[in-house]
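File shown here: entry.csv, holding CSV, C-alpha atoms.
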chain,number,residue,atom,x,y,z
A,164,THR,CA,103.9,50.4,-66.3
A,165,GLN,CA,107.3,51.7,-67.0
A,166,LEU,CA,109.9,50.5,-64.4
A,167,LEU,CA,113.3,51.8,-63.7
A,168,GLU,CA,115.6,49.5,-61.9
A,169,GLN,CA,118.6,51.0,-60.1
A,170,SER,CA,121.6,49.0,-58.9
A,171,PRO,CA,123.1,48.6,-56.5
A,172,GLN,CA,120.5,49.5,-53.9
A,173,PHE,CA,123.2,50.2,-51.3
A,174,LEU,CA,126.9,51.1,-51.7
A,175,SER,CA,129.4,51.9,-48.9
A,176,ILE,CA,132.9,52.9,-50.0
A,177,GLN,CA,136.0,54.7,-48.7
A,178,GLU,CA,136.8,58.2,-49.6
A,179,GLY,CA,138.9,58.4,-52.8
A,180,GLU,CA,137.3,55.3,-54.4
A,181,ASN,CA,135.5,55.3,-57.8
A,182,LEU,CA,132.0,53.9,-58.3
A,183,THR,CA,129.4,53.4,-60.9
A,184,VAL,CA,125.6,53.1,-60.3
A,185,TYR,CA,123.1,52.0,-62.9
A,186,CYS,CA,119.6,52.8,-64.0
A,187,ASN,CA,118.0,50.2,-66.4
A,188,SER,CA,114.6,49.9,-68.1
A,189,SER,CA,113.0,47.9,-70.8
A,190,SER,CA,111.2,51.1,-71.9
A,191,VAL,CA,112.5,53.9,-74.1
A,192,PHE,CA,112.6,57.4,-72.5
A,193,SER,CA,112.8,60.8,-74.3
A,194,SER,CA,115.0,62.0,-71.5
A,195,LEU,CA,116.4,60.9,-68.2
A,196,GLN,CA,117.2,62.8,-65.1
A,197,TRP,CA,119.5,62.1,-62.1
A,198,TYR,CA,118.7,63.5,-58.7
A,199,ARG,CA,120.6,63.4,-55.4
A,200,GLN,CA,118.7,63.4,-52.1
A,201,GLU,CA,120.4,64.1,-48.8
A,202,PRO,CA,118.9,63.1,-45.5
A,203,GLY,CA,116.0,65.4,-44.4
A,204,GLU,CA,115.8,67.1,-47.8
A,205,GLY,CA,114.0,66.6,-51.1
A,206,PRO,CA,115.8,65.4,-54.3
A,207,VAL,CA,117.8,67.9,-56.2
A,208,LEU,CA,118.3,67.7,-59.9
A,209,LEU,CA,121.9,66.9,-61.0
A,210,VAL,CA,121.6,66.5,-64.8
A,211,THR,CA,119.2,65.8,-67.7
A,212,VAL,CA,120.4,63.6,-70.6
A,213,VAL,CA,118.4,63.6,-73.8
A,214,THR,CA,120.3,62.1,-76.7
A,215,GLY,CA,121.1,58.4,-77.0
A,216,GLY,CA,124.8,57.9,-76.2
A,217,GLU,CA,125.1,61.4,-74.6
A,218,VAL,CA,127.7,61.9,-71.9
A,219,LYS,CA,127.6,64.8,-69.5
A,220,LYS,CA,130.2,65.7,-66.8
A,221,LEU,CA,129.6,67.6,-63.6
A,222,LYS,CA,132.9,67.9,-61.8
A,223,ARG,CA,133.7,64.4,-60.6
A,224,LEU,CA,130.4,63.0,-61.8
A,225,THR,CA,130.0,61.5,-65.3
A,226,PHE,CA,126.5,60.6,-66.6
A,227,GLN,CA,125.8,58.5,-69.7
A,228,PHE,CA,122.6,57.8,-71.5
A,229,GLY,CA,122.4,54.5,-73.3
A,230,ASP,CA,122.4,54.5,-77.1
A,231,ALA,CA,118.8,53.1,-77.1
A,232,ARG,CA,117.7,55.5,-74.4
A,233,LYS,CA,116.7,52.7,-72.1
A,234,ASP,CA,119.4,52.9,-69.5
A,235,SER,CA,121.9,55.3,-67.9
A,236,SER,CA,124.9,55.2,-65.6
A,237,LEU,CA,126.5,57.6,-63.1
A,238,HIS,CA,130.2,57.3,-62.5
A,239,ILE,CA,131.8,59.1,-59.6
A,240,THR,CA,135.6,59.6,-59.5
A,241,ALA,CA,137.4,59.9,-56.2
A,242,ALA,CA,134.3,59.9,-54.1
A,243,GLN,CA,134.1,62.3,-51.1
A,244,PRO,CA,132.0,62.2,-47.9
A,245,GLY,CA,129.9,65.0,-49.4
A,246,ASP,CA,128.8,62.7,-52.2
A,247,THR,CA,126.8,60.7,-49.6
A,248,GLY,CA,123.1,60.5,-50.4
A,249,LEU,CA,120.4,58.8,-52.3
A,250,TYR,CA,120.8,58.9,-56.0
A,251,LEU,CA,117.6,58.7,-58.0
A,252,CYS,CA,117.1,58.3,-61.8
A,253,ALA,CA,113.9,59.4,-63.4
A,254,GLY,CA,112.7,58.8,-66.9
A,255,ASN,CA,110.5,61.1,-68.9
A,256,ASN,CA,108.5,59.6,-71.7
A,257,ALA,CA,105.7,62.1,-72.3
A,258,GLY,CA,104.7,65.4,-70.9
A,259,ASN,CA,105.4,65.9,-67.3
A,260,MET,CA,105.1,62.4,-66.0
A,261,LEU,CA,108.4,61.2,-64.5
A,262,THR,CA,109.0,57.6,-63.5
A,263,PHE,CA,111.4,57.2,-60.7
A,264,GLY,CA,113.7,54.4,-59.9
A,265,GLY,CA,114.1,53.0,-56.4
A,266,GLY,CA,117.4,54.7,-55.9
A,267,THR,CA,121.0,53.9,-54.9
A,268,ARG,CA,121.9,54.8,-51.3
A,269,LEU,CA,125.6,55.8,-51.3
A,270,MET,CA,127.7,56.2,-48.2
A,271,VAL,CA,131.3,57.5,-48.5
A,272,LYS,CA,133.4,57.0,-45.4
A,273,PRO,CA,136.2,59.4,-44.6
B,16,GLU,CA,116.9,76.6,-50.7
B,17,THR,CA,115.0,75.3,-53.7
B,18,GLY,CA,112.2,77.8,-53.8
B,19,VAL,CA,109.7,75.3,-52.7
B,20,THR,CA,108.6,75.4,-49.0
B,21,GLN,CA,106.7,72.7,-47.2
B,22,THR,CA,105.1,72.9,-43.8
B,23,PRO,CA,105.1,71.2,-41.3
B,24,ARG,CA,108.5,69.4,-41.6
B,25,HIS,CA,107.2,66.7,-39.2
B,26,LEU,CA,103.7,65.5,-38.3
B,27,VAL,CA,102.4,62.9,-36.0
B,28,MET,CA,98.7,62.1,-36.2
B,29,GLY,CA,96.2,59.6,-35.0
B,30,MET,CA,94.1,57.7,-37.4
B,31,THR,CA,91.0,59.8,-36.6
B,32,ASN,CA,92.7,63.2,-37.0
B,33,LYS,CA,92.3,65.6,-39.8
B,34,LYS,CA,95.4,67.5,-40.8
B,35,SER,CA,96.7,69.4,-43.9
B,36,LEU,CA,100.1,69.7,-45.5
B,37,LYS,CA,101.0,72.9,-47.1
B,38,CYS,CA,103.4,73.7,-50.1
B,39,GLU,CA,104.3,77.0,-51.5
B,40,GLN,CA,106.6,77.7,-54.5
B,41,HIS,CA,108.2,81.1,-55.3
B,42,LEU,CA,109.6,80.1,-58.7
B,43,GLY,CA,106.8,81.2,-60.9
B,44,HIS,CA,106.1,77.6,-62.0
B,45,ASN,CA,102.8,76.5,-63.5
B,46,ALA,CA,102.7,72.8,-62.3
B,47,MET,CA,102.8,71.4,-58.8
B,48,TYR,CA,103.0,67.8,-57.6
B,49,TRP,CA,102.5,65.6,-54.5
B,50,TYR,CA,104.8,62.6,-54.2
B,51,LYS,CA,104.9,59.9,-51.5
B,52,GLN,CA,108.3,58.4,-50.5
B,53,SER,CA,108.2,55.2,-48.5
B,54,ALA,CA,111.1,53.1,-47.4
B,55,LYS,CA,112.1,50.5,-50.0
B,56,LYS,CA,109.7,51.9,-52.7
B,57,PRO,CA,110.3,54.3,-55.5
B,58,LEU,CA,108.9,57.8,-55.4
B,59,GLU,CA,105.2,57.5,-56.1
B,60,LEU,CA,103.3,60.3,-57.9
B,61,MET,CA,100.1,61.1,-56.1
B,62,PHE,CA,98.7,64.2,-57.7
B,63,VAL,CA,99.6,66.7,-60.5
B,64,TYR,CA,98.2,70.1,-61.0
B,65,ASN,CA,98.9,71.8,-64.4
B,66,PHE,CA,97.8,75.4,-64.5
B,67,LYS,CA,95.7,74.8,-61.3
B,68,GLU,CA,93.8,71.9,-63.0
B,69,GLN,CA,94.3,68.4,-61.6
B,70,THR,CA,95.4,66.1,-64.3
B,71,GLU,CA,96.6,63.0,-62.6
B,72,ASN,CA,95.7,61.3,-59.3
B,73,ASN,CA,97.1,57.8,-59.8
B,74,SER,CA,94.3,56.1,-57.9
B,75,VAL,CA,95.2,57.6,-54.6
B,76,PRO,CA,92.8,56.7,-51.7
B,77,SER,CA,90.1,59.3,-51.0
B,78,ARG,CA,91.5,59.8,-47.5
B,79,PHE,CA,94.1,62.1,-49.3
B,80,SER,CA,92.5,65.2,-50.8
B,81,PRO,CA,94.5,67.8,-52.7
B,82,GLU,CA,93.7,71.4,-53.1
B,83,CYS,CA,95.4,73.9,-55.4
B,84,PRO,CA,93.9,77.4,-54.9
B,85,ASN,CA,96.4,79.1,-57.2
B,86,SER,CA,99.6,78.2,-59.1
B,87,SER,CA,101.8,79.0,-56.1
B,88,HIS,CA,100.1,77.0,-53.4
B,89,LEU,CA,99.2,73.4,-52.9
B,90,PHE,CA,97.6,71.5,-50.0
B,91,LEU,CA,97.2,67.9,-49.1
B,92,HIS,CA,94.3,67.3,-46.7
B,93,LEU,CA,94.5,64.2,-44.7
B,94,HIS,CA,91.6,62.4,-43.0
B,95,THR,CA,91.4,59.0,-41.3
B,96,LEU,CA,94.8,57.8,-42.4
B,97,GLN,CA,96.2,54.4,-41.8
B,98,PRO,CA,99.6,53.5,-40.3
B,99,GLU,CA,100.8,52.3,-43.7
B,100,ASP,CA,100.4,56.0,-44.9
B,101,SER,CA,103.4,56.9,-42.8
B,102,ALA,CA,106.0,58.3,-45.2
B,103,LEU,CA,107.8,61.3,-46.4
B,104,TYR,CA,105.4,63.5,-48.5
B,105,LEU,CA,107.2,65.6,-51.0
B,106,CYS,CA,105.9,68.6,-52.9
B,107,ALA,CA,107.5,69.6,-56.2
B,108,SER,CA,106.9,72.3,-58.9
B,109,SER,CA,108.0,72.7,-62.5
B,110,ARG,CA,107.6,74.9,-65.5
B,111,LEU,CA,105.8,73.3,-68.4
B,112,ASP,CA,106.4,74.7,-71.9
B,113,HIS,CA,103.7,75.1,-74.5
B,114,ARG,CA,104.0,71.4,-75.3
B,115,ALA,CA,103.4,70.6,-71.6
B,116,THR,CA,106.8,68.9,-71.4
B,117,ASN,CA,108.7,69.1,-68.2
B,118,GLU,CA,112.0,71.0,-67.7
B,119,LYS,CA,112.8,69.7,-64.2
B,120,LEU,CA,111.3,69.2,-60.8
B,121,PHE,CA,112.1,71.4,-57.8
B,122,PHE,CA,111.3,69.6,-54.6
B,123,GLY,CA,110.5,70.9,-51.2
B,124,SER,CA,112.2,69.3,-48.1
B,125,GLY,CA,109.1,67.2,-47.4
B,126,THR,CA,106.8,66.5,-44.5
B,127,GLN,CA,107.7,63.4,-42.5
B,128,LEU,CA,104.4,61.9,-41.5
B,129,SER,CA,103.8,59.3,-38.8
B,130,VAL,CA,100.3,57.8,-38.4
B,131,LEU,CA,99.8,56.1,-35.0
Conversion result in structure tokens:
Amino acid sequence: TQLLEQSPQFLSIQEGENLTVYCNSSSVFSSLQWYRQEPGEGPVLLVTVVTGGEVKKLKRLTFQFGDARKDSSLHITAAQPGDTGLYLCAGNNAGNMLTFGGGTRLMVKP
Amino acid sequence: ETGVTQTPRHLVMGMTNKKSLKCEQHLGHNAMYWYKQSAKKPLELMFVYNFKEQTENNSVPSRFSPECPNSSHLFLHLHTLQPEDSALYLCASSRLDHRATNEKLFFGSGTQLSVL
């Protein structure tokens, strides 16, 4: 069984602060996806990273895929209340079977 | 609006009831999924339908019965559920390429199920 560990599980910060959340595994993935889920909604895809060492930026969000394709990080600069939600990473190793991590629940206070 | 619609949004049922969850996708995708999301547990894949054929059921109890009549519709029939089955049930769809690899999942808003 491939497991994805996300840390921290919970994070509460003030508006304007920076933060990093992590997604770690002992398994290698061909690609890794990050989703954000807001209360009462399903997860929405933010980004897919494919190449080891790849860095992708989405406005204030920076995603990095580890060189060995076993881990990933999400860094948010100057967090805003609209960033509040559950951040999920999901690894793809073959076909259409995604393995999801437990998520990081982020709250950004105004 | 993700293009994946789930009904009902909320459902309360007794352990002896029979109910069905419905999912419809308007994205022209060829794969559909049922996921279970419980508190403090990662998203659990329950069923996968590729091109209307079930390819994965992940040892889900038989009290959950999926049905995929066409590539746009997916149902989850529920019968004699247990209180521990209370969770958010999410439907998703995706487009598989010729190698059956996944582009990305589009999720519905889910059905919040409470079993009394």
- Å distance separating CA of Thr214 (chain A) from CA of Arg199 (chain A), one decimal place: 21.3 Å
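CA of Val207 (chain A) sits 11.6 Å away from CA of Gly18 (chain B).
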- Message: Distance limit 12 Å, atoms considered: all atoms listed in the file. Which chain B residues sit that close to chain A? Return them as JSON, numbers by chain.
- Response: {"B": [16, 17, 18, 19, 20, 21, 24, 25, 45, 46, 47, 48, 50, 51, 52, 53, 54, 55, 56, 57, 58, 59, 60, 61, 62, 63, 64, 65, 70, 71, 72, 73, 103, 104, 105, 106, 107, 108, 109, 110, 111, 112, 113, 114, 115, 116, 117, 118, 119, 120, 121, 122, 123, 124, 125, 126, 127]}
- Task: Report the distance between CA of Cys38 (chain B) and CA of Asp100 (chain B) in Å, rounded to one decimal place.
- Result: 18.7 Å
- Task: Show me as a count of residues only the residues that reach within 10 Å of (128.2, 51.8, -69.5), counting all atoms listed in the file and using the file's own coordinates.
- Result: 14
- Message: Give me, as a PyMOL selection string, all polymer residues having an atom no more than 9 Å from Leu91 (chain B), counting all atoms listed in the file and skipping those fewer than 2 positions away in the same chain.
- Response: chain B and resi 34-38+49+79-83+89+93
Take the residues that were just selected and, keeping C-alpha atoms, output them as a PDB file, keeping the file's coordinate frame.
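What follows is the written file again-v8.pdb:
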ATOM      1  CA  LYS B  34      95.400  67.500 -40.800  1.00  0.00           C
ATOM      2  CA  SER B  35      96.700  69.400 -43.900  1.00  0.00           C
ATOM      3  CA  LEU B  36     100.100  69.700 -45.500  1.00  0.00           C
ATOM      4  CA  LYS B  37     101.000  72.900 -47.100  1.00  0.00           C
ATOM      5  CA  CYS B  38     103.400  73.700 -50.100  1.00  0.00           C
ATOM      6  CA  TRP B  49     102.500  65.600 -54.500  1.00  0.00           C
ATOM      7  CA  PHE B  79      94.100  62.100 -49.300  1.00  0.00           C
ATOM      8  CA  SER B  80      92.500  65.200 -50.800  1.00  0.00           C
ATOM      9  CA  PRO B  81      94.500  67.800 -52.700  1.00  0.00           C
ATOM     10  CA  GLU B  82      93.700  71.400 -53.100  1.00  0.00           C
ATOM     11  CA  CYS B  83      95.400  73.900 -55.400  1.00  0.00           C
ATOM     12  CA  LEU B  89      99.200  73.400 -52.900  1.00  0.00           C
ATOM     13  CA  LEU B  93      94.500  64.200 -44.700  1.00  0.00           C
TER      14      LEU B  93
END
